[in-house]
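coords.txt (compact mmCIF, C-alpha atoms) appears below.
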# COMPACT_ATOMS: atom_id res chain seq x y z
CA MET A 1 3.76 -14.13 -13.51
CA ARG A 2 3.03 -11.86 -16.45
CA GLY A 3 2.58 -14.90 -18.70
CA LEU A 4 0.12 -16.44 -16.24
CA LYS A 5 -1.90 -13.22 -16.10
CA ARG A 6 -1.98 -13.00 -19.90
CA TRP A 7 -2.98 -16.68 -20.16
CA LEU A 8 -5.82 -16.16 -17.66
CA ASP A 9 -6.88 -13.01 -19.51
CA ARG A 10 -7.19 -14.76 -22.85
CA SER A 11 -8.30 -18.29 -22.03
CA LEU A 12 -11.72 -19.27 -20.70
CA THR A 13 -10.36 -22.76 -20.08
CA ALA A 14 -7.67 -21.41 -17.77
CA GLN A 15 -10.28 -19.37 -15.93
CA ALA A 16 -12.51 -22.43 -15.62
CA VAL A 17 -9.68 -24.51 -14.15
CA LEU A 18 -8.89 -21.75 -11.65
CA ILE A 19 -12.54 -21.43 -10.63
CA VAL A 20 -12.88 -25.21 -10.21
CA LEU A 21 -9.78 -25.33 -8.00
CA LEU A 22 -10.96 -22.39 -5.90
CA GLY A 23 -14.48 -23.84 -5.69
CA VAL A 24 -13.17 -27.22 -4.53
CA GLY A 25 -10.95 -25.54 -1.94
CA ILE A 26 -13.73 -23.33 -0.61
CA SER A 27 -16.19 -26.25 -0.55
CA ALA A 28 -13.63 -28.35 1.33
CA VAL A 29 -13.29 -25.64 3.97
CA VAL A 30 -16.99 -24.83 4.28
CA ARG A 31 -18.39 -28.37 3.89
CA ARG A 32 -15.90 -30.53 5.76
CA ASP A 33 -18.45 -33.17 6.64
CA GLU A 34 -19.44 -33.85 3.01
CA PRO A 35 -17.56 -36.29 0.75
CA PRO A 36 -14.86 -34.98 -1.65
CA ALA A 37 -17.08 -35.79 -4.66
CA SER A 38 -19.50 -33.17 -3.36
CA TRP A 39 -16.67 -30.64 -3.19
CA VAL A 40 -15.76 -31.33 -6.80
CA ALA A 41 -19.42 -31.10 -7.87
CA HIS A 42 -19.74 -27.71 -6.18
CA GLY A 43 -16.50 -26.52 -7.78
CA VAL A 44 -17.69 -27.56 -11.23
CA LEU A 45 -21.06 -25.89 -10.65
CA TYR A 46 -19.38 -22.64 -9.57
CA ALA A 47 -17.10 -22.80 -12.61
CA ALA A 48 -20.01 -23.38 -14.99
CA ILE A 49 -21.90 -20.38 -13.59
CA GLY A 50 -18.79 -18.17 -13.57
CA ILE A 51 -17.69 -19.11 -17.09
CA ALA A 52 -21.23 -18.57 -18.44
CA ILE A 53 -21.22 -15.04 -17.01
CA VAL A 54 -17.69 -14.29 -18.27
CA ALA A 55 -18.47 -15.68 -21.74
CA ALA A 56 -21.60 -13.54 -22.01
CA GLN A 57 -19.65 -10.44 -20.96
CA ARG A 58 -16.86 -11.21 -23.43
CA ARG A 59 -19.32 -11.79 -26.25
CA ARG A 60 -21.01 -8.45 -25.52
CA ALA A 61 -17.65 -6.64 -25.35
CA ARG A 62 -16.43 -8.33 -28.56
CA ARG A 63 -19.58 -7.23 -30.37
CA ALA A 64 -19.23 -3.69 -29.02
CA SER A 65 -15.57 -3.34 -29.97
CA GLY A 66 -15.73 -5.33 -33.20
CA THR A 67 -12.62 -7.42 -32.49
CA ASP A 68 -11.70 -11.01 -31.63
CA VAL A 69 -10.80 -12.48 -28.22
CA ARG A 70 -7.08 -11.69 -28.44
CA GLY A 71 -7.79 -8.18 -29.71
CA LEU A 72 -10.25 -7.62 -26.85
CA ALA A 73 -7.70 -8.86 -24.30
CA GLU A 74 -5.10 -6.51 -25.78
CA LEU A 75 -7.52 -3.56 -25.75
CA ASN A 76 -8.41 -4.26 -22.12
CA ARG A 77 -4.71 -4.49 -21.22
CA LYS A 78 -4.06 -1.14 -22.91
CA LEU A 79 -7.03 0.37 -21.12
CA ARG A 80 -5.73 -0.87 -17.74
CA HIS A 81 -2.25 0.52 -18.45
CA ARG A 82 -3.59 3.74 -20.04
CA GLU A 83 -1.81 3.08 -23.33
CA VAL A 84 -3.43 4.90 -26.24
CA PRO A 85 -3.42 2.72 -29.39
CA SER A 86 -1.51 4.11 -32.36
CA ASP A 87 -3.29 2.12 -35.07
CA PRO A 88 -6.43 3.93 -36.36
CA GLU A 89 -8.51 0.73 -36.44
CA GLU A 90 -7.40 -0.15 -32.93
CA ARG A 91 -8.23 3.40 -31.77
CA GLU A 92 -11.73 3.07 -33.20
CA ALA A 93 -12.19 -0.32 -31.51
CA MET A 94 -10.93 1.21 -28.24
CA ARG A 95 -13.36 4.12 -28.63
CA ARG A 96 -16.27 1.69 -29.04
CA LEU A 97 -15.08 -0.46 -26.11
CA VAL A 98 -14.73 2.54 -23.80
CA ALA A 99 -18.18 3.82 -24.81
CA ASP A 100 -19.63 0.38 -24.07
CA HIS A 101 -17.86 0.20 -20.68
CA LEU A 102 -19.11 3.64 -19.68
CA ARG A 103 -22.66 2.88 -20.84
CA ARG A 104 -22.74 -0.36 -18.83
CA MET A 105 -21.25 1.27 -15.73
CA GLU A 106 -23.82 4.08 -15.86
CA ARG A 107 -26.67 1.59 -16.25
CA ALA A 108 -25.36 -0.56 -13.39
CA GLY A 109 -24.74 2.55 -11.29
CA ARG A 110 -28.46 3.17 -11.00
CA TRP A 111 -28.86 -0.07 -9.04
CA LEU A 112 -25.60 0.10 -7.06
CA PRO A 113 -26.98 2.00 -4.03
CA TYR A 114 -29.81 -0.51 -3.71
CA TRP A 115 -27.43 -3.50 -3.88
CA LEU A 116 -25.04 -1.94 -1.39
CA GLY A 117 -27.95 -1.05 0.91
CA PHE A 118 -29.32 -4.59 0.68
CA MET A 119 -25.91 -6.05 1.53
CA GLY A 120 -25.65 -3.66 4.48
CA LEU A 121 -29.09 -4.65 5.73
CA VAL A 122 -28.21 -8.34 5.52
CA ALA A 123 -24.95 -7.70 7.40
CA VAL A 124 -26.71 -5.70 10.12
CA GLY A 125 -29.46 -8.34 10.35
CA LEU A 126 -26.89 -11.11 10.80
CA LEU A 127 -25.09 -9.03 13.39
CA VAL A 128 -28.33 -8.53 15.33
CA LEU A 129 -29.11 -12.26 15.10
CA GLY A 130 -25.61 -13.00 16.31
CA VAL A 131 -26.01 -10.72 19.31
CA VAL A 132 -29.37 -12.29 20.16
CA ASN A 133 -28.03 -15.84 19.84
CA GLY A 134 -24.75 -15.08 21.56
CA SER A 135 -22.46 -16.08 18.66
CA TRP A 136 -20.45 -13.07 17.58
CA LEU A 137 -17.73 -14.57 15.43
CA PHE A 138 -19.57 -15.38 12.20
CA PRO A 139 -21.62 -12.14 12.13
CA LEU A 140 -18.54 -10.00 12.75
CA VAL A 141 -16.59 -11.82 10.05
CA TYR A 142 -19.53 -11.41 7.66
CA VAL A 143 -19.86 -7.68 8.45
CA ALA A 144 -16.12 -7.18 7.90
CA PHE A 145 -16.26 -9.17 4.65
CA THR A 146 -19.30 -7.21 3.44
CA ALA A 147 -17.71 -3.87 4.30
CA GLY A 148 -14.50 -4.90 2.53
CA LEU A 149 -16.38 -6.15 -0.53
CA CYS A 150 -18.50 -3.00 -0.81
CA SER A 151 -15.40 -0.82 -0.43
CA TRP A 152 -13.58 -2.85 -3.07
CA VAL A 153 -16.53 -2.58 -5.48
CA LEU A 154 -16.69 1.19 -5.07
CA TRP A 155 -12.91 1.55 -5.44
CA MET A 156 -12.80 -0.62 -8.59
CA ARG A 157 -15.76 1.26 -10.06
CA ARG A 158 -14.00 4.59 -9.47
CA LEU A 159 -10.78 3.22 -10.96
CA SER A 160 -12.64 1.93 -14.03
CA TYR A 161 -14.37 5.28 -14.49
CA ASP A 162 -11.05 7.09 -14.28
CA ARG A 163 -9.44 4.76 -16.83
CA CYS A 164 -12.34 5.02 -19.26
CA HIS A 165 -12.56 8.82 -18.99
CA PHE A 166 -8.81 9.12 -19.46
CA MET A 167 -8.89 6.91 -22.54
CA ARG A 168 -11.92 8.68 -24.01
CA SER A 169 -10.31 12.10 -23.60
CA ALA A 170 -6.97 10.82 -24.97
CA LEU A 171 -8.72 9.35 -28.02
CA GLU A 172 -10.65 12.58 -28.57
CA ARG A 173 -7.43 14.63 -28.33
CA GLN A 174 -5.81 12.41 -30.98
CA ALA A 175 -8.87 12.59 -33.24
CA ALA A 176 -9.11 16.39 -33.05
CA PRO A 177 -7.17 18.14 -35.81
CA VAL A 178 -4.24 20.23 -34.66
CA SER A 179 -4.53 23.86 -35.83

Entire entry expressed as structure tokens:
Amino acid sequence: MRGLKRWLDRSLTAQAVLIVLLGVGISAVVRRDEPPASWVAHGVLYAAIGIAIVAAQRRRARRASGTDVRGLAELNRKLRHREVPSDPEEREAMRRLVADHLRRMERAGRWLPYWLGFMGLVAVGLLVLGVVNGSWLFPLVYVAFTAGLCSWVLWMRRLSYDRCHFMRSALERQAAPVS
């Protein structure tokens, strides 16, 4: 399992294959009346959009940290596991990566309440429409999914903040001279 996670972490091709398979499966469940070629087309479209977003994020992170794809994957793994790099060059790359992560999270944090509020309004609107039309199942599932997604986003954001602040303080402690 660890090898699969590492392969998915480093390879855009592996991520694309996974997204295509998930997209085809989801399309098959949601669009049962359409032909299988349509499912595959939707899966490929989802993969193209997802990989374009991931590639842009990786390129931005590589530029910020000043390392290659494997180095970036290793830095992200160390950040997730709270391992402070021992190599001075790697520490400097980690410092730049953490600063970039924190800067992006702060910038995105300004819009987070609006996105979460919009998602809540859509969920409440669908629930009201469901009550008016008499079909409760889809609106309740959507409200539960939206609540779960918003909770997961907030939890992952908090976890990422904690990891980045831990790493930044650990790197500052190592950089400070001991007197």

Contacts of range 119-124 of chain A within 7 Å, only C-alpha atoms, excl. fewer than 2 positions in-chain, as a list in words = Trp115, Leu116, Gly117, Leu126, Leu127, Val128, Tyr142, Val143 and Thr146 of chain A

Save out the residues we just selected, C-alpha atoms, as an mmCIF file, keeping the file's coordinate frame.
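To be explicit, this is the file written out as part-v9.cif:
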data_model
loop_
_atom_site.group_PDB
_atom_site.id
_atom_site.type_symbol
_atom_site.label_atom_id
_atom_site.label_comp_id
_atom_site.auth_asym_id
_atom_site.auth_seq_id
_atom_site.Cartn_x
_atom_site.Cartn_y
_atom_site.Cartn_z
ATOM 1 C CA TRP A 115 -27.430 -3.500 -3.880
ATOM 2 C CA LEU A 116 -25.040 -1.940 -1.390
ATOM 3 C CA GLY A 117 -27.950 -1.050 0.910
ATOM 4 C CA LEU A 126 -26.890 -11.110 10.800
ATOM 5 C CA LEU A 127 -25.090 -9.030 13.390
ATOM 6 C CA VAL A 128 -28.330 -8.530 15.330
ATOM 7 C CA TYR A 142 -19.530 -11.410 7.660
ATOM 8 C CA VAL A 143 -19.860 -7.680 8.450
ATOM 9 C CA THR A 146 -19.300 -7.210 3.440
#

Which of these, A:Asp9, A:Asp100, A:Asn76, A:Glu83, has the shortest distance to Ala64 in chain A once you count all atoms listed in the file?
->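 Under the stated criterion, the closest residue is A:Asp100.
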
Between CA of Ala48 in chain A and CA of Tyr161 in chain A, what is the spacing in Å?
-> 29.2 Å

Enter the distance from CA of Pro35 in chain A to CA of Leu22 in chain A, in Å, rounded to one decimal.
-> 16.8 Å

Kindly indicate which residue among A:Arg110, A:Arg2, A:Arg104, A:His81 lies nearest to Leu159 in chain A, using only C-alpha atoms for the distances.
-> A:His81

Pairwise distance, CA of Ala41 in chain A with CA of Gln15 in chain A, equals 16.9 Å

Could you write out as AutoDock Vina command-line options the box around range 72-83 of chain A (axis-aligned, all atoms listed in the file, 4 Å on each side), with centre and edge lengths in Å to one decimal?
--center_x -6.0 --center_y -2.6 --center_z -22.3 --size_x 16.4 --size_y 20.6 --size_z 17.1

Residue nearest Val69 in chain A - candidates A:His165, A:Arg82, A:Arg95, A:Arg10, atoms counted: only C-alpha atoms |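 For Val69 in chain A, the nearest of the given residues is A:Arg10.
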
Please provide as an mmCIF file with C-alpha atoms, in the coordinates of the input all residues within 9 Å of Val44 in chain A, with the sequence filter that same-chain residues fewer than 5 positions apart are discarded (counting all atoms listed in the file).
data_model
loop_
_atom_site.group_PDB
_atom_site.id
_atom_site.type_symbol
_atom_site.label_atom_id
_atom_site.label_comp_id
_atom_site.auth_asym_id
_atom_site.auth_seq_id
_atom_site.Cartn_x
_atom_site.Cartn_y
_atom_site.Cartn_z
ATOM 1 C CA ALA A 16 -12.510 -22.430 -15.620
ATOM 2 C CA ILE A 19 -12.540 -21.430 -10.630
ATOM 3 C CA VAL A 20 -12.880 -25.210 -10.210
ATOM 4 C CA LEU A 21 -9.780 -25.330 -8.000
ATOM 5 C CA GLY A 23 -14.480 -23.840 -5.690
ATOM 6 C CA VAL A 24 -13.170 -27.220 -4.530
ATOM 7 C CA TRP A 39 -16.670 -30.640 -3.190
ATOM 8 C CA ILE A 49 -21.900 -20.380 -13.590
#

Which is closest to Ala28 in chain A among A:His42, A:Arg60, A:Lys5, A:Arg168, if we use all atoms listed in the file?
->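 Selected residue with least distance to Ala28 in chain A: A:His42.
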
Name all residues at most 9 Å from Arg62 in chain A (count all atoms listed in the file; drop same-chain ones fewer than 6 positions away) and give them as a list in words.
->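 Listed by chain and then number, they are Asp68, Val69, Gly71, Leu72 and Leu97 of chain A.
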
Nearest residue to Asp87 in chain A from the set A:Ile26, A:Leu75, A:Leu18, A:Tyr114 (distances using all atoms listed in the file) = A:Leu75

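Shortest atom-to-atom contact with Met167 in chain A among A:Arg103, A:Arg80, A:Gly109, A:Ala144: A:Arg80, counting only C-alpha atoms.
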
Please complete range 15-26 of chain A so it has N, CA, C and O atoms, and hand it over as an mmCIF file, in the coordinates of the input.
data_model
loop_
_atom_site.group_PDB
_atom_site.id
_atom_site.type_symbol
_atom_site.label_atom_id
_atom_site.label_comp_id
_atom_site.auth_asym_id
_atom_site.auth_seq_id
_atom_site.Cartn_x
_atom_site.Cartn_y
_atom_site.Cartn_z
ATOM 1 N N GLN A 15 -9.424 -19.937 -16.959
ATOM 2 C CA GLN A 15 -10.280 -19.370 -15.930
ATOM 3 C C GLN A 15 -11.166 -20.439 -15.305
ATOM 4 O O GLN A 15 -11.382 -20.440 -14.092
ATOM 5 N N ALA A 16 -11.670 -21.363 -16.130
ATOM 6 C CA ALA A 16 -12.510 -22.430 -15.620
ATOM 7 C C ALA A 16 -11.728 -23.328 -14.655
ATOM 8 O O ALA A 16 -12.235 -23.705 -13.591
ATOM 9 N N VAL A 17 -10.504 -23.664 -15.021
ATOM 10 C CA VAL A 17 -9.680 -24.510 -14.150
ATOM 11 C C VAL A 17 -9.420 -23.795 -12.821
ATOM 12 O O VAL A 17 -9.526 -24.407 -11.741
ATOM 13 N N LEU A 18 -9.119 -22.517 -12.874
ATOM 14 C CA LEU A 18 -8.890 -21.750 -11.650
ATOM 15 C C LEU A 18 -10.140 -21.701 -10.784
ATOM 16 O O LEU A 18 -10.075 -21.890 -9.563
ATOM 17 N N ILE A 19 -11.299 -21.489 -11.394
ATOM 18 C CA ILE A 19 -12.540 -21.430 -10.630
ATOM 19 C C ILE A 19 -12.858 -22.786 -10.010
ATOM 20 O O ILE A 19 -13.314 -22.870 -8.865
ATOM 21 N N VAL A 20 -12.635 -23.869 -10.763
ATOM 22 C CA VAL A 20 -12.880 -25.210 -10.210
ATOM 23 C C VAL A 20 -11.984 -25.448 -9.000
ATOM 24 O O VAL A 20 -12.447 -25.923 -7.952
ATOM 25 N N LEU A 21 -10.701 -25.128 -9.122
ATOM 26 C CA LEU A 21 -9.780 -25.330 -8.000
ATOM 27 C C LEU A 21 -10.176 -24.502 -6.785
ATOM 28 O O LEU A 21 -10.168 -24.994 -5.644
ATOM 29 N N LEU A 22 -10.522 -23.233 -7.009
ATOM 30 C CA LEU A 22 -10.960 -22.390 -5.900
ATOM 31 C C LEU A 22 -12.272 -22.898 -5.303
ATOM 32 O O LEU A 22 -12.446 -22.907 -4.075
ATOM 33 N N GLY A 23 -13.203 -23.315 -6.172
ATOM 34 C CA GLY A 23 -14.480 -23.840 -5.690
ATOM 35 C C GLY A 23 -14.311 -25.099 -4.859
ATOM 36 O O GLY A 23 -14.971 -25.272 -3.830
ATOM 37 N N VAL A 24 -13.431 -25.998 -5.297
ATOM 38 C CA VAL A 24 -13.170 -27.220 -4.530
ATOM 39 C C VAL A 24 -12.545 -26.864 -3.187
ATOM 40 O O VAL A 24 -12.926 -27.409 -2.148
ATOM 41 N N GLY A 25 -11.599 -25.940 -3.199
ATOM 42 C CA GLY A 25 -10.950 -25.540 -1.940
ATOM 43 C C GLY A 25 -11.920 -24.889 -0.974
ATOM 44 O O GLY A 25 -11.927 -25.205 0.223
ATOM 45 N N ILE A 26 -12.761 -23.996 -1.481
ATOM 46 C CA ILE A 26 -13.730 -23.330 -0.610
ATOM 47 C C ILE A 26 -14.761 -24.332 -0.097
ATOM 48 O O ILE A 26 -15.138 -24.313 1.075
#
